[in-house]
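Asks: If it helps, the file is called my_file.pdb and holds PDB, C-alpha atoms:
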ATOM      1  CA  MET A1179      44.325 -11.415 -11.820
ATOM      2  CA  THR A1180      46.092  -8.029 -11.687
ATOM      3  CA  ASP A1181      46.420  -5.751  -8.651
ATOM      4  CA  LYS A1182      44.094  -3.240 -10.315
ATOM      5  CA  THR A1183      41.344  -5.847 -10.708
ATOM      6  CA  ILE A1184      41.723  -6.796  -7.047
ATOM      7  CA  SER A1185      41.409  -3.145  -5.959
ATOM      8  CA  VAL A1186      38.227  -2.719  -8.048
ATOM      9  CA  TYR A1187      36.747  -5.780  -6.323
ATOM     10  CA  TRP A1188      37.961  -4.420  -2.983
ATOM     11  CA  PHE A1189      36.105  -1.120  -3.483
ATOM     12  CA  PHE A1190      33.028  -2.958  -4.719
ATOM     13  CA  ILE A1191      32.960  -5.016  -1.502
ATOM     14  CA  LEU A1192      33.611  -1.868   0.546
ATOM     15  CA  PHE A1193      30.675  -0.175  -1.166
ATOM     16  CA  ILE A1194      28.357  -3.090  -0.325
ATOM     17  CA  VAL A1195      29.538  -3.157   3.317
ATOM     18  CA  ALA A1196      29.133   0.632   3.618
ATOM     19  CA  SER A1197      25.631   0.481   2.124
ATOM     20  CA  ALA A1198      24.668  -2.188   4.655
ATOM     21  CA  ILE A1199      26.043  -0.065   7.527
ATOM     22  CA  VAL A1200      24.234   3.076   6.290
ATOM     23  CA  PHE A1201      20.995   1.085   5.946
ATOM     24  CA  LEU A1202      21.351  -0.320   9.490
ATOM     25  CA  VAL A1203      22.137   3.096  10.983
ATOM     26  CA  TYR A1204      19.098   4.621   9.265
ATOM     27  CA  THR A1205      16.894   1.731  10.396
ATOM     28  CA  ILE A1206      18.040   1.881  14.020
ATOM     29  CA  TYR A1207      18.509   5.632  14.521
ATOM     30  CA  GLY A1208      16.212   7.020  11.834
ATOM     31  CA  ALA A1209      12.967   5.402  12.941
ATOM     32  CA  PRO A1210      11.088   7.175  15.723
ATOM     33  CA  LEU A1211      10.518   5.453  19.060
ATOM     34  CA  ASP A1212       7.120   3.776  19.054
ATOM     35  CA  ILE A1213       5.506   4.319  22.455
ATOM     36  CA  ARG A1214       1.867   3.901  21.402
ATOM     37  CA  GLY A1215       1.596   0.483  23.043
ATOM     38  CA  ALA A1216       2.828   1.844  26.373
ATOM     39  CA  GLU A1217       0.517   4.859  26.072
ATOM     40  CA  GLY A1218      -2.450   2.566  25.399
ATOM     41  CA  VAL A1219      -1.647   0.434  28.459
ATOM     42  CA  PHE A1220      -1.171   3.482  30.713
ATOM     43  CA  LEU A1221      -4.434   5.010  29.491
ATOM     44  CA  ASN A1222      -6.218   1.715  30.117
ATOM     45  CA  GLU A1223      -4.751   1.441  33.629
ATOM     46  CA  LYS A1224      -5.580   5.060  34.414
ATOM     47  CA  ILE A1225      -9.243   4.456  33.572
ATOM     48  CA  ALA A1226      -9.253   1.125  35.432
ATOM     49  CA  SER A1227      -8.031   2.813  38.629
ATOM     50  CA  CYS A1228     -10.522   5.644  38.037
ATOM     51  CA  VAL A1229     -13.578   3.337  37.906
ATOM     52  CA  SER A1230     -12.543   0.614  40.362
ATOM     53  CA  GLN A1231     -10.134   0.384  43.267
ATOM     54  CA  GLY A1232      -9.550  -2.554  45.585
ATOM     55  CA  GLY A1233     -12.198  -4.555  43.738
ATOM     56  CA  LYS A1234     -14.880  -1.947  44.441
ATOM     57  CA  ILE A1235     -16.493   0.585  42.145
ATOM     58  CA  THR A1236     -15.238   4.106  42.915
ATOM     59  CA  SER A1237     -17.401   7.225  43.201
ATOM     60  CA  ALA A1238     -16.485   8.084  39.597
ATOM     61  CA  GLY A1239     -17.516   4.562  38.563
ATOM     62  CA  LYS A1240     -20.867   4.989  40.302
ATOM     63  CA  LYS A1241     -21.425   8.209  38.360
ATOM     64  CA  PHE A1242     -20.697   6.385  35.117
ATOM     65  CA  ILE A1243     -23.227   3.678  36.017
ATOM     66  CA  SER A1244     -25.928   6.172  37.020
ATOM     67  CA  GLU A1245     -25.372   8.750  34.263
ATOM     68  CA  GLY A1246     -24.501   6.264  31.514
ATOM     69  CA  GLU A1247     -23.282   7.455  28.136
ATOM     70  CA  SER A1248     -23.832  11.122  28.989
ATOM     71  CA  SER A1249     -21.181  11.086  31.743
ATOM     72  CA  ASN A1250     -18.032  13.134  31.413
ATOM     73  CA  LEU A1251     -15.323  10.475  31.162
ATOM     74  CA  LEU A1252     -12.447  12.894  30.586
ATOM     75  CA  GLY A1253     -13.389  15.180  33.475
ATOM     76  CA  LEU A1254     -14.121  12.457  36.047
ATOM     77  CA  CYS A1255     -10.947  10.491  35.271
ATOM     78  CA  HIS A1256      -8.750  13.612  34.930
ATOM     79  CA  LEU A1257      -7.841  13.051  31.292
ATOM     80  CA  ASN A1258      -6.888  15.542  28.607
ATOM     81  CA  PHE A1259      -7.006  14.396  24.975
ATOM     82  CA  LYS A1260      -5.577  17.591  23.497
ATOM     83  CA  VAL A1261      -2.562  16.889  21.280
ATOM     84  CA  GLU A1262       0.152  19.066  19.821
ATOM     85  CA  PRO A1263      -0.488  20.585  16.376
ATOM     86  CA  PHE A1264       1.227  18.403  13.793
ATOM     87  CA  LYS A1265       1.180  19.068  10.022
ATOM     88  CA  GLU A1266      -2.398  20.384  10.391
ATOM     89  CA  SER A1267      -3.660  16.785  10.303
ATOM     90  CA  TRP A1268      -3.876  16.276  14.059
ATOM     91  CA  ASN A1269      -6.960  17.852  15.522
ATOM     92  CA  ASN A1270      -7.244  16.458  19.068
ATOM     93  CA  ASP A1271      -8.415  13.202  17.470
ATOM     94  CA  GLN A1272      -5.522  10.849  18.238
ATOM     95  CA  LEU A1273      -6.981   9.016  21.242
ATOM     96  CA  PHE A1274     -10.119   7.032  21.947
ATOM     97  CA  VAL A1275     -11.596   5.393  25.046
ATOM     98  CA  SER A1276     -14.664   3.248  25.520
ATOM     99  CA  VAL A1277     -15.899   1.936  28.894
ATOM    100  CA  VAL A1278     -18.763  -0.545  29.156
ATOM    101  CA  PHE A1279     -20.258  -1.529  32.521
ATOM    102  CA  SER A1280     -22.084  -4.873  32.349
ATOM    103  CA  THR A1281     -24.039  -6.243  35.308
ATOM    104  CA  VAL A1282     -23.215  -9.869  36.128
ATOM    105  CA  GLU A1283     -26.049 -12.078  37.336
ATOM    106  CA  GLY A1284     -24.974 -15.701  37.446
ATOM    107  CA  SER A1285     -23.527 -16.361  34.032
ATOM    108  CA  VAL A1286     -25.595 -13.655  32.363
ATOM    109  CA  LEU A1287     -23.913 -10.387  31.366
ATOM    110  CA  THR A1288     -26.165  -7.399  30.735
ATOM    111  CA  PRO A1289     -24.071  -4.710  29.064
ATOM    112  CA  GLY A1290     -24.858  -1.048  29.534
ATOM    113  CA  LEU A1291     -24.351   1.609  26.914
ATOM    114  CA  PRO A1292     -20.689   2.424  26.217
ATOM    115  CA  ILE A1293     -19.239   5.606  27.681
ATOM    116  CA  LEU A1294     -17.057   7.101  24.984
ATOM    117  CA  ALA A1295     -14.414   9.803  24.711
ATOM    118  CA  GLY A1296     -12.145  10.848  21.841
ATOM    119  CA  ASN A1297     -12.204   9.861  18.193
ATOM    120  CA  ALA A1298     -14.497   6.804  17.776
ATOM    121  CA  ASN A1299     -13.331   6.321  14.161
ATOM    122  CA  LEU A1300     -10.016   4.927  15.430
ATOM    123  CA  LYS A1301     -11.725   1.742  16.632
ATOM    124  CA  SER A1302     -12.359   0.408  13.133
ATOM    125  CA  ASN A1303      -8.640   0.411  12.220
ATOM    126  CA  CYS A1304      -7.270  -1.141  15.392
ATOM    127  CA  ASN A1305      -4.179  -3.340  15.540
ATOM    128  CA  ILE A1306      -4.043  -4.100  11.817
ATOM    129  CA  ASN A1307      -0.670  -5.688  11.078
ATOM    130  CA  VAL A1308       1.102  -3.999  13.982
ATOM    131  CA  LEU A1309       4.138  -6.221  13.445
ATOM    132  CA  ASP A1310       4.604  -5.236   9.820
ATOM    133  CA  SER A1311       6.642  -2.035   9.648
ATOM    134  CA  LYS A1312       5.174  -1.058   6.277
ATOM    135  CA  THR A1313       1.569  -1.364   7.352
ATOM    136  CA  ASN A1314       1.692  -0.505  11.039
ATOM    137  CA  GLN A1315       0.248   2.907  10.242
ATOM    138  CA  PHE A1316      -2.849   1.969  12.184
ATOM    139  CA  PRO A1317      -3.827   2.818  15.760
ATOM    140  CA  VAL A1318      -2.641   0.599  18.593
ATOM    141  CA  CYS A1319      -5.508  -0.553  20.819
ATOM    142  CA  ILE A1320      -5.652  -2.226  24.213
ATOM    143  CA  ASN A1321      -8.692  -4.101  25.473
ATOM    144  CA  ARG A1322      -9.128  -5.157  29.075
ATOM    145  CA  THR A1323     -11.994  -6.598  31.085
ATOM    146  CA  MET A1324     -12.169  -6.677  34.876
ATOM    147  CA  LEU A1325     -14.688  -7.517  37.561
ATOM    148  CA  SER A1326     -15.699  -5.152  40.329
ATOM    149  CA  ASN A1327     -18.086  -5.107  43.230
ATOM    150  CA  GLY A1328     -20.771  -2.397  43.342
ATOM    151  CA  GLU A1329     -22.266  -1.134  46.615
ATOM    152  CA  ASP A1330     -25.730  -2.065  45.354
ATOM    153  CA  GLY A1331     -24.858  -5.769  45.787
ATOM    154  CA  LYS A1332     -24.304  -6.200  42.062
ATOM    155  CA  TYR A1333     -21.151  -7.396  40.344
ATOM    156  CA  TYR A1334     -19.948  -5.501  37.347
ATOM    157  CA  SER A1335     -17.817  -6.599  34.437
ATOM    158  CA  ILE A1336     -16.027  -3.509  33.154
ATOM    159  CA  GLN A1337     -14.626  -3.541  29.643
ATOM    160  CA  ILE A1338     -12.093  -0.803  28.967
ATOM    161  CA  PHE A1339     -10.951  -0.242  25.399
ATOM    162  CA  THR A1340      -8.251   2.311  24.625
ATOM    163  CA  CYS A1341      -6.842   3.376  21.286
ATOM    164  CA  VAL A1342      -3.797   5.511  20.444
ATOM    165  CA  ARG A1343      -3.041   6.760  16.919
ATOM    166  CA  LYS A1344      -0.200   9.354  16.832
ATOM    167  CA  THR A1345       1.183   7.355  13.906
ATOM    168  CA  GLU A1346       3.240  10.113  12.284
ATOM    169  CA  LYS A1347       5.320  10.598  15.437
ATOM    170  CA  ASN A1348       5.797   6.920  16.265
ATOM    171  CA  VAL A1349       6.282   4.988  13.010
TER
ATOM    172  CA  MET B 691      63.345  -1.038 -12.477
ATOM    173  CA  LYS B 692      63.280   2.124 -10.347
ATOM    174  CA  ASN B 693      60.328   3.499 -12.346
ATOM    175  CA  LYS B 694      58.341   0.309 -11.768
ATOM    176  CA  LYS B 695      59.001   0.443  -8.004
ATOM    177  CA  ALA B 696      57.970   4.113  -7.907
ATOM    178  CA  GLU B 697      54.763   3.305  -9.812
ATOM    179  CA  LEU B 698      53.953   0.472  -7.387
ATOM    180  CA  LEU B 699      54.536   2.761  -4.406
ATOM    181  CA  THR B 700      52.270   5.481  -5.847
ATOM    182  CA  GLU B 701      49.507   2.947  -6.536
ATOM    183  CA  ASN B 702      49.730   1.630  -2.985
ATOM    184  CA  VAL B 703      49.697   5.121  -1.500
ATOM    185  CA  ILE B 704      46.627   6.082  -3.565
ATOM    186  CA  PHE B 705      44.933   2.816  -2.558
ATOM    187  CA  ILE B 706      45.601   3.466   1.147
ATOM    188  CA  ILE B 707      44.469   7.112   0.925
ATOM    189  CA  LEU B 708      41.234   6.140  -0.840
ATOM    190  CA  ASN B 709      40.554   3.512   1.842
ATOM    191  CA  LEU B 710      41.221   6.024   4.604
ATOM    192  CA  VAL B 711      38.913   8.605   2.975
ATOM    193  CA  PHE B 712      36.221   5.984   2.554
ATOM    194  CA  PHE B 713      36.382   4.778   6.172
ATOM    195  CA  SER B 714      36.598   8.286   7.616
ATOM    196  CA  ILE B 715      33.452   9.340   5.696
ATOM    197  CA  LEU B 716      31.679   6.241   7.000
ATOM    198  CA  ALA B 717      32.869   6.825  10.572
ATOM    199  CA  THR B 718      31.826  10.507  10.431
ATOM    200  CA  PHE B 719      28.369   9.532   9.156
ATOM    201  CA  ILE B 720      27.896   6.983  11.972
ATOM    202  CA  PHE B 721      29.210   9.435  14.595
ATOM    203  CA  ILE B 722      26.878  12.234  13.430
ATOM    204  CA  LYS B 723      23.870   9.923  13.272
ATOM    205  CA  THR B 724      24.415   8.306  16.675
ATOM    206  CA  ASN B 725      25.232  11.601  18.440
ATOM    207  CA  ASP B 726      22.392  13.594  16.925
ATOM    208  CA  SER B 727      20.779  15.728  19.631
ATOM    209  CA  ALA B 728      17.411  15.339  17.853
ATOM    210  CA  LEU B 729      17.399  11.691  18.968
ATOM    211  CA  LEU B 730      17.807  12.738  22.595
ATOM    212  CA  GLU B 731      15.120  15.405  22.249
ATOM    213  CA  GLU B 732      12.636  12.828  20.963
ATOM    214  CA  ALA B 733      13.626  10.185  23.522
ATOM    215  CA  TYR B 734      13.329  12.556  26.501
ATOM    216  CA  ALA B 735      10.078  14.170  25.293
ATOM    217  CA  LYS B 736       8.478  10.733  24.974
ATOM    218  CA  LYS B 737      10.019   9.478  28.222
ATOM    219  CA  ILE B 738       8.700  12.451  30.205
ATOM    220  CA  ALA B 739       5.272  12.176  28.519
ATOM    221  CA  LEU B 740       5.061   8.490  29.518
ATOM    222  CA  ILE B 741       6.241   9.247  33.075
ATOM    223  CA  LEU B 742       3.566  11.935  33.424
ATOM    224  CA  ASP B 743       0.926   9.647  31.877
ATOM    225  CA  SER B 744       1.502   7.138  34.670
ATOM    226  CA  ALA B 745       2.020   9.747  37.409
ATOM    227  CA  GLU B 746      -0.262   9.968  40.411
ATOM    228  CA  PRO B 747      -0.980  13.141  42.415
ATOM    229  CA  GLY B 748       1.615  13.772  45.117
ATOM    230  CA  MET B 749       4.450  12.024  43.284
ATOM    231  CA  ASN B 750       7.897  13.555  43.071
ATOM    232  CA  ILE B 751       9.647  12.272  39.936
ATOM    233  CA  VAL B 752      13.390  12.781  39.531
ATOM    234  CA  LEU B 753      14.863  12.268  36.073
ATOM    235  CA  ASP B 754      18.588  12.212  35.316
ATOM    236  CA  MET B 755      19.077  14.161  32.081
ATOM    237  CA  SER B 756      22.857  14.568  32.218
ATOM    238  CA  ASP B 757      23.453  13.272  28.683
ATOM    239  CA  ALA B 758      20.955  15.757  27.220
ATOM    240  CA  ILE B 759      22.346  18.664  29.249
ATOM    241  CA  LYS B 760      25.877  17.833  28.071
ATOM    242  CA  LYS B 761      24.732  17.822  24.427
ATOM    243  CA  LYS B 762      22.913  21.133  24.662
ATOM    244  CA  ASP B 763      24.146  23.713  22.161
ATOM    245  CA  GLU B 764      26.260  26.306  24.019
ATOM    246  CA  LYS B 765      24.708  29.126  21.994
ATOM    247  CA  TYR B 766      21.203  28.155  23.126
ATOM    248  CA  SER B 767      20.237  29.734  26.439
ATOM    249  CA  GLY B 768      16.535  28.795  26.664
ATOM    250  CA  LYS B 769      14.793  26.052  28.624
ATOM    251  CA  ILE B 770      15.709  22.424  27.959
ATOM    252  CA  VAL B 771      12.433  21.096  29.363
ATOM    253  CA  ASP B 772       9.265  23.091  28.914
ATOM    254  CA  ILE B 773       5.862  21.752  29.959
ATOM    255  CA  GLN B 774       2.882  23.837  28.881
ATOM    256  CA  GLY B 775      -0.536  22.343  29.598
ATOM    257  CA  ASN B 776      -0.242  18.722  28.545
ATOM    258  CA  LEU B 777       2.619  19.256  26.125
ATOM    259  CA  VAL B 778       6.255  18.407  26.854
ATOM    260  CA  THR B 779       8.885  20.158  24.740
ATOM    261  CA  ILE B 780      12.577  19.280  24.835
ATOM    262  CA  LYS B 781      14.908  21.732  23.153
ATOM    263  CA  LEU B 782      18.681  21.346  23.004
ATOM    264  CA  SER B 783      19.423  23.941  20.323
ATOM    265  CA  GLN B 784      17.853  27.077  18.879
ATOM    266  CA  LYS B 785      16.730  25.330  15.691
ATOM    267  CA  GLY B 786      15.790  21.982  17.237
ATOM    268  CA  GLY B 787      13.004  20.931  19.577
ATOM    269  CA  TYR B 788      10.572  18.047  19.942
ATOM    270  CA  SER B 789       7.114  18.099  21.489
ATOM    271  CA  TYR B 790       4.878  15.259  22.656
ATOM    272  CA  SER B 791       1.573  15.383  24.502
ATOM    273  CA  PHE B 792       0.462  13.393  27.545
ATOM    274  CA  PHE B 793      -3.156  12.533  28.364
ATOM    275  CA  ASN B 794      -2.980  12.524  32.163
ATOM    276  CA  ASP B 795      -4.566  15.801  33.292
ATOM    277  CA  VAL B 796      -2.174  16.380  36.179
ATOM    278  CA  SER B 797      -0.951  19.722  37.379
ATOM    279  CA  LEU B 798       2.784  20.079  37.836
ATOM    280  CA  ASN B 799       4.461  22.289  40.339
ATOM    281  CA  PRO B 800       6.038  25.010  38.161
ATOM    282  CA  MET B 801       9.297  24.667  40.132
ATOM    283  CA  TYR B 802      10.346  21.497  38.280
ATOM    284  CA  PHE B 803      13.651  22.875  37.218
ATOM    285  CA  TYR B 804      16.917  21.141  37.570
ATOM    286  CA  SER B 805      19.881  20.884  39.867
ATOM    287  CA  SER B 806      23.385  20.210  38.598
ATOM    288  CA  ASP B 807      26.843  19.519  39.924
ATOM    289  CA  ASN B 808      30.246  20.824  38.789
ATOM    290  CA  GLU B 809      30.683  17.969  36.303
ATOM    291  CA  GLY B 810      27.614  19.033  34.349
ATOM    292  CA  ASN B 811      25.388  16.187  35.556
ATOM    293  CA  GLY B 812      21.841  17.410  35.925
ATOM    294  CA  LYS B 813      18.584  16.069  37.316
ATOM    295  CA  TYR B 814      15.077  17.346  36.739
ATOM    296  CA  SER B 815      12.469  17.018  39.413
ATOM    297  CA  PHE B 816       8.746  17.019  38.607
ATOM    298  CA  VAL B 817       6.276  17.327  41.481
ATOM    299  CA  VAL B 818       2.705  16.309  40.634
ATOM    300  CA  GLU B 819       0.302  18.364  42.706
ATOM    301  CA  GLU B 820      -2.549  16.846  44.677
ATOM    302  CA  ILE B 821      -5.910  17.051  42.898
ATOM    303  CA  GLU B 822      -7.485  18.794  45.907
ATOM    304  CA  LYS B 823      -4.885  21.575  45.695
ATOM    305  CA  VAL B 824      -5.545  22.019  41.996
ATOM    306  CA  GLU B 825      -9.300  22.105  42.492
ATOM    307  CA  GLU B 826      -8.954  24.568  45.391
ATOM    308  CA  GLY B 827      -6.726  26.751  43.208
ATOM    309  CA  GLU B 828      -9.225  26.650  40.354
ATOM    310  CA  LEU B 829     -12.105  27.518  42.719
ATOM    311  CA  SER B 830     -10.239  30.486  44.170
ATOM    312  CA  LYS B 831      -9.650  31.962  40.668
TER
END
Reformat the file's structure so that it appears as structure tokens.

Replies:
Amino acid sequence: MTDKTISVYWFFILFIVASAIVFLVYTIYGAPLDIRGAEGVFLNEKIASCVSQGGKITSAGKKFISEGESSNLLGLCHLNFKVEPFKESWNNDQLFVSVVFSTVEGSVLTPGLPILAGNANLKSNCNINVLDSKTNQFPVCINRTMLSNGEDGKYYSIQIFTCVRKTEKNV
Amino acid sequence: MKNKKAELLTENVIFIILNLVFFSILATFIFIKTNDSALLEEAYAKKIALILDSAEPGMNIVLDMSDAIKKKDEKYSGKIVDIQGNLVTIKLSQKGGYSYSFFNDVSLNPMYFYSSDNEGNGKYSFVVEEIEKVEEGELSK
């Protein structure tokens, strides 16, 4: 084998190594930070502390129970679902929240009507293949159920469902 | 004999130069990519949005942003952190900038600007106002 042949092989190996490094750098530094999961959890916790504190239904929670689906979830829980303009495709429709108060009597749950805010269409595409980088273009959703004590002597099971899309800025 | 030695030397020199060029291009690419201020803009915009999402009224949040302040373009004299409504914008150069929204409808004290020392280390302080104060302010308008 001549020196020239060795140097050709050398540059071929260098090219492969460089391609691998470029690919890794693009993968690590090129991909945006995905914070949708954290946002979903924070939104869920924010609503949980809005409707129940210390195991008791709050005044906002009581309003939700009495007014039902017509209550102003965003206003009572101090939420703002406006999002930044992005490629004209975002139209304040990147978040969704659903809260369901169910009365608990023995082992029987009687669910009330859901109190909704945001884009309800996000719910149908939740958590589809979130671990697959090619198909994690779907919203990230968090579901949580908790028990709380109402002043009327009733126990309530509160299901809080939150959904965050913002895909273009996180994937 | 001399010609052969000279040829060998030239080949080796060319080989070494090509290697050096190759590695310096690679190193420059990695350096540019890892030190890109756009990465910091995105990271801080999202970090601040998440901090404000989990903020409660009355909190005073201090964030060390020294690395971003040090990477700010000297020609750019505008704000690094700008919070308008529920939108955080981080800008480290005239052409750059990254915005991200937060859902927590908190009101921030407009005096959230930063303090720095002689070494260029800087901290931003965000004070979340009490809801009562905000509501009183809105009522008095």

Asks: For chain A, report every residue with an atom at most 10 Å from chain B (counting all atoms listed in the file), formatted as a PyMOL selection string.

Replies: chain A and resi 1181-1182+1185+1188-1189+1192-1193+1196-1197+1199-1200+1203-1204+1206-1214+1216-1217+1219-1221+1223-1224+1252-1253+1255-1264+1273+1344+1347-1348

Asks: Do you know which residues the PyMOL selection byres ((chain B and resi 759) around 9) returns on this file, as a JSON list (two decimals) with C-alpha atoms, in the coordinates of the input?

Replies:
[["chain", "number", "residue", "atom", "x", "y", "z"],
["B", 755, "MET", "CA", 19.08, 14.16, 32.08],
["B", 756, "SER", "CA", 22.86, 14.57, 32.22],
["B", 757, "ASP", "CA", 23.45, 13.27, 28.68],
["B", 758, "ALA", "CA", 20.96, 15.76, 27.22],
["B", 760, "LYS", "CA", 25.88, 17.83, 28.07],
["B", 761, "LYS", "CA", 24.73, 17.82, 24.43],
["B", 762, "LYS", "CA", 22.91, 21.13, 24.66],
["B", 763, "ASP", "CA", 24.15, 23.71, 22.16],
["B", 770, "ILE", "CA", 15.71, 22.42, 27.96],
["B", 782, "LEU", "CA", 18.68, 21.35, 23.00],
["B", 810, "GLY", "CA", 27.61, 19.03, 34.35],
["B", 811, "ASN", "CA", 25.39, 16.19, 35.56],
["B", 812, "GLY", "CA", 21.84, 17.41, 35.92]]

Asks: Check what the PyMOL selection byres ((chain A and resi 1317) around 6) selects in the file above and give those residues as a short mmCIF file (atom, residue, chain, number, x, y, z; two decimals) with C-alpha atoms, keeping the file's coordinate frame.

Replies:
data_model
loop_
_atom_site.label_atom_id
_atom_site.label_comp_id
_atom_site.auth_asym_id
_atom_site.auth_seq_id
_atom_site.Cartn_x
_atom_site.Cartn_y
_atom_site.Cartn_z
CA CYS A 1304 -7.27 -1.14 15.39
CA PHE A 1316 -2.85 1.97 12.18
CA VAL A 1318 -2.64 0.60 18.59
CA VAL A 1342 -3.80 5.51 20.44
CA ARG A 1343 -3.04 6.76 16.92
#

Asks: Given the file above and the PyMOL selection byres ((chain A and resi 1327) around 12), which residues are selected, and can you give them as a list of chain:residue names?

Replies: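 This file gives the following for the PyMOL selection byres ((chain A and resi 1327) around 12): A:Val1229, A:Ser1230, A:Gln1231, A:Gly1232, A:Gly1233, A:Lys1234, A:Ile1235, A:Thr1236, A:Gly1239, A:Lys1240, A:Phe1279, A:Ser1280, A:Thr1281, A:Val1282, A:Met1324, A:Leu1325, A:Ser1326, A:Gly1328, A:Glu1329, A:Asp1330, A:Gly1331, A:Lys1332, A:Tyr1333, A:Tyr1334, A:Ser1335, A:Ile1336.
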
Asks: Rounded to one decimal place, report the CA of Gly1290 (chain A)-CA of Ser1276 (chain A) distance in Å.

Replies: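 Computing it gives 11.8 Å between the two atoms.
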
Asks: Quick one: pull the distance between CA of Gly768 (chain B) and CA of Lys785 (chain B), Å, one decimal.

Replies: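 These two atoms are separated by 11.5 Å.
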
Asks: Between CA of Val1275 (chain A) and CA of Ile1293 (chain A), what is the distance, to one decimal in Å?

Replies: 8.1 Å
